[in-house]
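So this one's entry02.txt, compact mmCIF, C-alpha atoms:
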```txt
# COMPACT_ATOMS: atom_id res chain seq x y z
CA MET A 1 132.82 99.00 77.41
CA GLU A 2 129.53 97.88 75.90
CA ILE A 3 127.85 94.67 77.02
CA LYS A 4 125.15 93.74 74.54
CA LEU A 5 122.73 91.07 75.74
CA ARG A 6 120.55 89.25 73.26
CA ALA A 7 117.56 87.05 74.00
CA THR A 8 117.39 84.35 71.32
CA LYS A 9 114.20 82.57 70.27
CA LYS A 10 115.40 79.61 72.32
CA HIS A 11 115.73 81.79 75.45
CA LYS A 12 112.22 83.13 74.93
CA LYS A 13 110.85 79.61 74.38
CA ILE A 14 112.45 78.41 77.62
CA TYR A 15 111.07 81.46 79.44
CA ARG A 16 107.53 80.73 78.22
CA GLU A 17 107.94 77.06 79.15
CA ILE A 18 109.05 77.96 82.68
CA LEU A 19 106.11 80.35 83.07
CA SER A 20 103.54 77.69 82.25
CA SER A 21 105.29 74.62 83.73
CA ASN A 22 104.48 72.99 87.05
CA TRP A 23 106.67 75.00 89.38
CA SER A 24 108.89 73.05 91.76
CA GLN A 25 112.28 73.17 93.45
CA GLN A 26 113.83 72.48 90.04
CA THR A 27 112.31 75.65 88.57
CA ILE A 28 114.70 77.93 90.45
CA VAL A 29 117.63 76.05 88.88
CA ASP A 30 115.95 76.41 85.45
CA CYS A 31 115.67 80.18 86.03
CA PHE A 32 119.35 80.38 86.96
CA SER A 33 120.32 78.40 83.89
CA LEU A 34 118.28 80.65 81.59
CA THR A 35 119.71 83.82 83.18
CA ASN A 36 123.22 82.43 82.89
CA ASP A 37 122.84 81.57 79.19
CA PHE A 38 121.29 84.96 78.49
CA LEU A 39 124.03 86.90 80.31
CA ASN A 40 126.67 84.94 78.41
CA THR A 41 125.40 86.12 74.99
CA SER A 42 127.58 89.23 75.14
CA LYS A 43 131.08 89.47 73.66
CA TYR A 44 132.09 89.82 77.32
CA PRO A 45 130.19 86.94 78.99
CA VAL A 46 128.81 88.01 82.35
CA GLY A 47 126.75 84.97 83.38
CA TYR A 48 127.29 83.65 86.90
CA SER A 49 129.23 80.63 85.56
CA GLU A 50 131.80 82.96 84.01
CA VAL A 51 132.28 85.42 86.84
CA SER A 52 131.57 83.59 90.09
CA SER A 53 135.22 82.70 90.70
CA GLN A 54 136.22 86.40 90.52
CA LEU A 55 133.35 87.63 92.60
CA ARG A 56 132.68 87.79 96.30
CA ILE A 57 128.98 88.34 96.72
CA GLU A 58 129.66 89.84 100.14
CA GLN A 59 131.25 92.79 98.35
CA LEU A 60 127.71 94.10 98.07
CA ILE A 61 127.76 94.68 101.82
CA SER A 62 130.59 97.14 101.54
CA GLN A 63 128.59 99.34 99.19
CA ASP A 64 126.12 102.00 100.24
CA LEU A 65 123.17 99.78 99.51
CA PRO A 66 122.06 99.11 103.09
CA SER A 67 121.02 102.77 103.27
CA TYR A 68 118.15 101.92 100.90
CA LEU A 69 116.62 99.88 103.66
CA SER A 70 116.88 102.33 106.52
CA PRO A 71 113.46 103.99 105.91
CA LEU A 72 111.87 100.55 105.95
CA SER A 73 113.28 99.52 109.31
CA SER A 74 110.76 101.76 111.04
CA LEU A 75 107.93 99.59 109.67
CA SER A 76 108.62 96.48 111.66
CA ALA A 77 111.20 94.67 113.71
CA ASN A 78 110.93 91.96 111.05
CA ILE A 79 112.91 93.99 108.53
CA PRO A 80 116.37 92.41 108.63
CA LYS A 81 119.36 94.40 109.72
CA SER A 82 122.01 95.14 107.11
CA PRO A 83 123.53 91.75 106.34
CA THR A 84 126.50 90.67 108.37
CA ARG A 85 129.30 88.43 107.22
CA ILE A 86 128.15 85.01 106.05
CA PRO A 87 129.81 82.18 108.01
CA LYS A 88 131.76 79.50 106.18
CA ARG A 89 129.40 76.60 105.58
CA ARG A 90 130.79 73.09 106.03
CA SER A 91 128.06 70.52 105.45
CA LYS A 92 127.31 69.48 101.86
CA ASP A 93 123.67 70.48 102.21
CA LYS A 94 124.45 73.96 103.55
CA ILE A 95 127.16 74.54 100.94
CA GLU A 96 124.61 73.73 98.23
CA LYS A 97 122.09 76.17 99.69
CA HIS A 98 124.81 78.78 100.14
CA ASN A 99 125.80 78.45 96.47
CA LEU A 100 122.17 78.74 95.38
CA THR A 101 121.93 81.91 97.47
CA ASN A 102 125.02 83.39 95.82
CA GLU A 103 123.64 82.76 92.35
CA ALA A 104 120.25 84.16 93.34
CA ILE A 105 121.89 87.31 94.65
CA TYR A 106 124.05 87.73 91.56
CA ASP A 107 121.17 87.24 89.12
CA LEU A 108 118.77 89.48 90.95
CA SER A 109 121.20 92.33 91.59
CA PHE A 110 122.62 92.28 88.06
CA PRO A 111 124.11 94.55 86.67
CA LEU A 112 125.24 95.95 90.01
CA PRO A 113 127.91 93.28 90.66
CA LEU A 114 129.69 94.29 87.45
CA SER A 115 131.02 97.37 89.19
CA PHE A 116 132.75 95.28 91.85
CA GLY A 117 136.07 94.69 90.20
CA LEU A 118 135.18 92.33 87.36
CA PHE A 119 136.53 94.78 84.84
CA ASN A 120 139.15 97.51 85.01
CA LYS A 121 138.07 100.26 87.36
CA GLY A 122 138.31 102.87 84.63
CA ASP A 123 135.91 101.03 82.34
CA ASP A 124 132.63 102.76 81.71
CA ILE A 125 130.26 99.80 81.45
CA LYS A 126 127.18 100.22 79.32
CA ILE A 127 124.63 97.44 79.17
CA ILE A 128 122.38 97.34 76.14
CA GLY A 129 120.14 94.86 74.35
CA ASP A 130 117.12 92.90 75.51
CA LEU A 131 116.95 94.36 78.99
CA GLY A 132 113.18 93.98 79.24
CA PHE A 133 113.71 90.24 78.88
CA LEU A 134 116.32 90.35 81.64
CA ARG A 135 113.98 91.94 84.14
CA ASP A 136 111.18 89.55 83.27
CA ILE A 137 113.48 86.61 84.10
CA GLN A 138 114.47 88.48 87.27
CA SER A 139 110.82 88.82 88.25
CA LEU A 140 110.36 85.09 87.84
CA THR A 141 113.55 84.46 89.81
CA PHE A 142 112.24 86.76 92.57
CA ILE A 143 109.16 84.56 92.98
CA MET A 144 111.20 81.35 92.87
CA ILE A 145 113.46 82.69 95.61
CA THR A 146 110.50 83.41 97.90
CA GLU A 147 108.78 80.11 97.09
CA TYR A 148 111.70 77.69 97.05
CA LEU A 149 114.96 79.19 98.33
CA ILE A 150 113.90 81.10 101.46
CA PRO A 151 111.98 78.10 102.88
CA GLN A 152 115.14 76.02 102.46
CA LEU A 153 117.24 78.66 104.20
CA ASN A 154 114.67 78.74 107.02
CA LYS A 155 114.84 74.97 107.33
CA GLY A 156 118.64 75.04 107.53
CA LYS A 157 118.55 77.99 109.98
CA MET A 158 120.78 79.91 107.58
CA ASN A 159 119.70 83.35 108.78
CA GLU A 160 122.69 85.22 107.38
CA GLU A 161 121.95 84.03 103.84
CA LYS A 162 118.24 84.68 104.34
CA ASN A 163 118.80 88.27 105.51
CA TYR A 164 121.10 88.80 102.60
CA VAL A 165 118.54 87.52 100.10
CA ILE A 166 115.77 89.63 101.60
CA PHE A 167 117.98 92.68 101.43
CA VAL A 168 118.64 92.03 97.73
CA LEU A 169 114.94 91.39 97.03
CA PHE A 170 114.12 94.80 98.51
CA VAL A 171 116.82 96.58 96.56
CA HIS A 172 115.80 94.81 93.35
CA THR A 173 112.17 95.84 93.80
CA LEU A 174 113.01 99.46 94.49
CA VAL A 175 115.67 99.91 91.83
CA THR A 176 114.51 97.77 88.93
CA TRP A 177 110.75 98.33 88.97
CA TYR A 178 110.66 102.10 89.64
CA ASP A 179 108.85 102.61 86.32
CA ASN A 180 106.20 99.92 86.88
CA PRO A 181 104.51 100.79 90.20
CA SER A 182 101.89 98.06 89.85
CA HIS A 183 104.46 95.28 89.62
CA GLN A 184 106.71 97.00 92.13
CA ASN A 185 103.87 96.97 94.67
CA TYR A 186 103.02 93.37 93.82
CA LEU A 187 106.61 92.23 94.47
CA LEU A 188 106.73 94.30 97.68
CA SER A 189 103.51 92.60 98.82
CA ILE A 190 105.22 89.21 98.42
CA LEU A 191 108.16 90.41 100.44
CA PHE A 192 106.02 91.86 103.24
CA ASP A 193 104.10 88.60 103.37
CA GLU A 194 107.40 86.74 103.71
CA LEU A 195 108.32 89.02 106.62
CA GLY A 196 104.89 88.65 108.25
CA ILE A 197 104.06 92.37 107.95
CA LYS A 198 100.39 91.83 107.19
CA GLU A 199 99.15 95.39 106.87
CA SER A 200 101.90 96.40 104.44
CA HIS A 201 101.25 93.17 102.52
CA ARG A 202 97.60 94.14 102.08
CA ILE A 203 98.32 97.79 101.25
CA CYS A 204 100.77 96.81 98.52
CA LEU A 205 98.33 94.28 97.06
CA TYR A 206 95.65 96.98 96.99
CA ASN A 207 98.05 99.44 95.33
CA ALA A 208 98.99 96.83 92.72
CA PHE A 209 95.30 96.24 92.01
CA LYS A 210 94.45 99.95 91.80
CA LEU A 211 97.31 100.53 89.38
CA THR A 212 96.04 97.85 86.99
CA SER A 213 93.43 98.63 84.35
CA PRO A 214 90.32 96.40 84.18
CA ASP A 215 91.36 95.72 80.56
CA GLU A 216 94.61 94.06 81.60
CA HIS A 217 94.95 90.29 81.91
CA ASP A 218 96.13 90.50 85.51
CA TYR A 219 93.28 92.71 86.76
CA LEU A 220 91.16 89.92 88.22
CA THR A 221 94.19 88.01 89.52
CA LYS A 222 95.31 91.11 91.42
CA ALA A 223 91.76 91.62 92.69
CA GLN A 224 91.56 88.02 93.90
CA SER A 225 94.97 88.31 95.59
CA TYR A 226 93.84 91.38 97.56
CA TRP A 227 90.48 89.80 98.40
CA SER A 228 92.27 86.63 99.63
CA ALA A 229 94.46 88.75 101.92
CA LEU A 230 91.35 90.42 103.38
CA MET A 231 89.73 87.02 103.96
CA ASP A 232 92.93 85.66 105.56
CA GLU A 233 92.79 88.53 108.04
CA GLU A 234 89.07 87.90 108.59
CA LEU A 235 88.30 91.44 107.41
CA TYR A 236 84.90 90.31 106.22
CA GLU A 237 83.19 93.71 105.91
CA GLU A 238 86.09 95.13 103.91
CA ALA A 239 86.03 92.05 101.65
CA LYS A 240 82.29 92.47 101.08
CA HIS A 241 82.72 96.14 100.22
CA PHE A 242 85.63 95.34 97.90
CA VAL A 243 83.61 92.71 96.01
CA THR A 244 80.77 95.20 95.53
CA ILE A 245 83.16 97.71 93.97
CA LEU A 246 84.72 94.96 91.85
CA THR A 247 81.33 93.98 90.44
CA ARG A 248 80.83 97.55 89.28
CA THR A 249 84.27 98.08 87.74
CA ALA A 250 85.19 94.73 86.17
CA ASN A 251 84.62 93.73 82.58
CA LYS A 252 81.72 91.45 81.60
CA GLU A 253 83.91 88.40 81.01
CA HIS A 254 84.97 88.46 84.67
CA LEU A 255 81.49 88.57 86.16
CA GLU A 256 81.07 84.80 86.50
CA GLU A 257 84.25 84.53 88.55
CA ILE A 258 83.31 87.60 90.60
CA GLU A 259 79.96 85.99 91.43
CA GLU A 260 81.86 82.99 92.76
CA ILE A 261 84.09 85.29 94.83
CA THR A 262 80.99 87.06 96.17
CA GLU A 263 79.43 83.73 97.20
CA LEU A 264 82.65 82.66 98.91
CA THR A 265 82.80 85.98 100.76
CA PHE A 266 79.35 85.38 102.25
CA GLN A 267 79.94 81.66 102.95
CA LEU A 268 83.29 82.16 104.67
CA GLY A 269 82.05 85.34 106.35
CA LYS A 270 79.09 83.51 107.87
CA LYS A 271 81.42 80.90 109.32
CA LEU A 272 83.49 83.67 110.85
CA THR A 273 80.55 85.48 112.44
CA LYS A 274 79.20 82.19 113.91
CA ARG A 275 82.42 81.58 115.83
CA MET B 1 90.87 89.28 76.78
CA SER B 2 93.78 90.84 74.96
CA SER B 3 96.05 93.72 75.78
CA THR B 4 98.07 95.83 73.41
CA ILE B 5 100.19 97.60 76.01
CA GLY B 6 103.84 96.58 76.20
CA GLY B 7 105.31 93.11 75.62
CA GLU B 8 105.37 93.79 71.88
CA ASP B 9 107.62 90.82 71.11
CA GLU B 10 105.28 87.92 70.43
CA HIS B 11 108.00 85.33 71.17
CA HIS B 12 108.71 86.82 74.58
CA ASP B 13 105.34 86.13 76.12
CA LEU B 14 102.50 83.63 76.05
CA SER B 15 99.63 84.34 73.67
CA ALA B 16 96.48 86.10 74.94
CA LYS B 17 94.55 82.83 74.64
CA GLU B 18 97.18 80.84 76.57
CA LYS B 19 97.15 83.54 79.27
CA ASP B 20 93.36 83.58 79.50
CA ASP B 21 93.14 79.79 79.84
CA LEU B 22 95.97 79.42 82.34
CA GLU B 23 95.10 82.35 84.61
CA LYS B 24 91.43 81.38 84.79
CA LYS B 25 92.33 77.82 85.74
CA LEU B 26 94.85 78.97 88.37
CA ARG B 27 92.40 81.46 89.93
CA ALA B 28 89.72 78.75 90.12
CA GLU B 29 92.17 76.35 91.82
CA ALA B 30 93.18 79.12 94.22
CA ARG B 31 89.55 79.74 95.20
CA LYS B 32 89.23 76.06 96.11
CA LEU B 33 92.24 76.39 98.40
CA MET B 34 91.13 79.38 100.46
CA LYS B 35 92.17 77.69 103.70
CA GLN B 36 95.60 76.68 102.42
CA LYS B 37 97.26 80.04 102.24
CA SER B 38 100.69 78.93 101.07
CA LYS B 39 99.48 76.72 98.18
CA ARG B 40 96.79 79.21 97.21
CA ASN B 41 99.21 82.14 97.12
CA ARG B 42 101.65 80.18 94.99
CA LEU B 43 98.89 79.68 92.40
CA LEU B 44 98.01 83.38 92.47
CA LYS B 45 101.66 84.40 92.14
CA LYS B 46 101.92 82.13 89.13
CA ALA B 47 98.70 83.48 87.61
CA ASN B 48 99.96 87.02 88.11
CA GLU B 49 103.35 86.31 86.58
CA ILE B 50 101.74 84.66 83.56
CA SER B 51 99.18 87.35 82.99
CA ARG B 52 101.03 90.58 83.76
CA THR B 53 102.18 92.70 80.83
CA LYS B 54 105.82 91.89 80.19
CA SER B 55 108.54 94.50 80.05
CA LYS B 56 109.13 96.48 76.90
CA LYS B 57 112.51 96.41 75.31
CA ALA B 58 113.42 99.85 76.65
CA ASP B 59 116.78 100.11 78.36
CA HIS B 60 116.52 100.48 82.09
CA HIS B 61 120.01 99.83 83.41
```
Rewritten as structure tokens:
Amino acid sequence: MEIKLRATKKHKKIYREILSSNWSQQTIVDCFSLTNDFLNTSKYPVGYSEVSSQLRIEQLISQDLPSYLSPLSSLSANIPKSPTRIPKRRSKDKIEKHNLTNEAIYDLSFPLPLSFGLFNKGDDIKIIGDLGFLRDIQSLTFIMITEYLIPQLNKGKMNEEKNYVIFVLFVHTLVTWYDNPSHQNYLLSILFDELGIKESHRICLYNAFKLTSPDEHDYLTKAQSYWSALMDEELYEEAKHFVTILTRTANKEHLEEIEEITELTFQLGKKLTKR
Amino acid sequence: MSSTIGGEDEHHDLSAKEKDDLEKKLRAEARKLMKQKSKRNRLLKKANEISRTKSKKADHH
């Protein structure tokens, strides 16, 4: 069975609009809506709206996926254990958050859920079409989940859903971005930050920076992200050294911003050493 | 600054000029918020997502 997904001009316009809009709680819903429309463009619609009634997200647990995480558990006690069963939520607020979590998990782990009984077991499912577009929406969804969904799950003390989401974020990063180590490291850095594993957060930011050419748009953004992490940790000498290297390697058009970063490094560093 | 690697579909991504303007503005805002880690990082995540080279159309699933 062939599932052909097609990104229309309208989908791409919405994607660009989401990218440059003022991000808020609503943006995660906009991402879901775009993913849903896109996944429903096939002859066999596979958007969350079409399949959610036939799908138990917890079926993911029964697969072998938790084994992906076992090497990571040695890094920190903050790495969640393989997700356990999610309790039945009763309050309106928690049901809403639970449903958001389910859609987040479906969208981010797509096309994996397709093998969990949506079609006949014998069907050989092949997904073709605008798959680059799919993973770019997934990348945006990944960030929305960490910015807007996880804080809500924390607030509602919904640890089971949170562990589940984190588990899926890890799997998504490892499986989907294997061929783009710069972005893979960037997404991992976000996840490690979420889990409070500071050293791994910094290492992944540095890797993402090193794997980006000075000619790329995101070079200076990645540099500033790593520098910010060093300053957060009060690693002043490392930050100073990094800025010196950056001045030597960056393109001319970035020098003005790098000068500002250099000044900030000395200003904030002085405050630190005075304490 | 423009890039020619990947993201060959012009409708898929923002233009090089749009990227340049937005990412520069976001980085500048982030530098003003050095002490507010959460807000600052959100701006940098957004700048990164805007500016990174988007995926090619190659099948990956």
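Proximity ranking of A:Ala104, A:Ala229, A:Ile125, A:Val29 relative to Arg40 (chain B) places A:Ala229 first, based on only C-alpha atoms.
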Item to complete: Determine which residues of chain A sit within 8 Å of chain B, taking into account all atoms listed in the file, and present them as an MDAnalysis selection string.
Response: chainID A and resid 9 12:13 15:16 19:20 111 127:133 135:136 140 143 147 176 215:218 221:222 224:225 228 232 261
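Taking CA of Ile137 (chain A) and CA of Tyr206 (chain A) as endpoints, the distance between them is 24.3 Å.
Put simply, CA of Ile150 (chain A) is 9.6 Å away from CA of Asn163 (chain A).
Minimum atom-to-atom distance to Glu234 (chain A), evaluated using all atoms listed in the file, belongs to A:Gly269 out of A:Gly196, A:Pro87, A:Gly269, A:Gly47.
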Given 8 Å on each side, where is the centre and what are the edge lengths in Å to one decimal of the axis-aligned box enclosing the listed atoms of region 9-26 of chain B, as AutoDock Vina command-line options?
```
--center_x 100.1 --center_y 84.3 --center_z 79.4 --size_x 33.3 --size_y 29.0 --size_z 33.9
```
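The space between CA of Glu259 (chain A) and CA of Ser21 (chain A) spans 28.8 Å.
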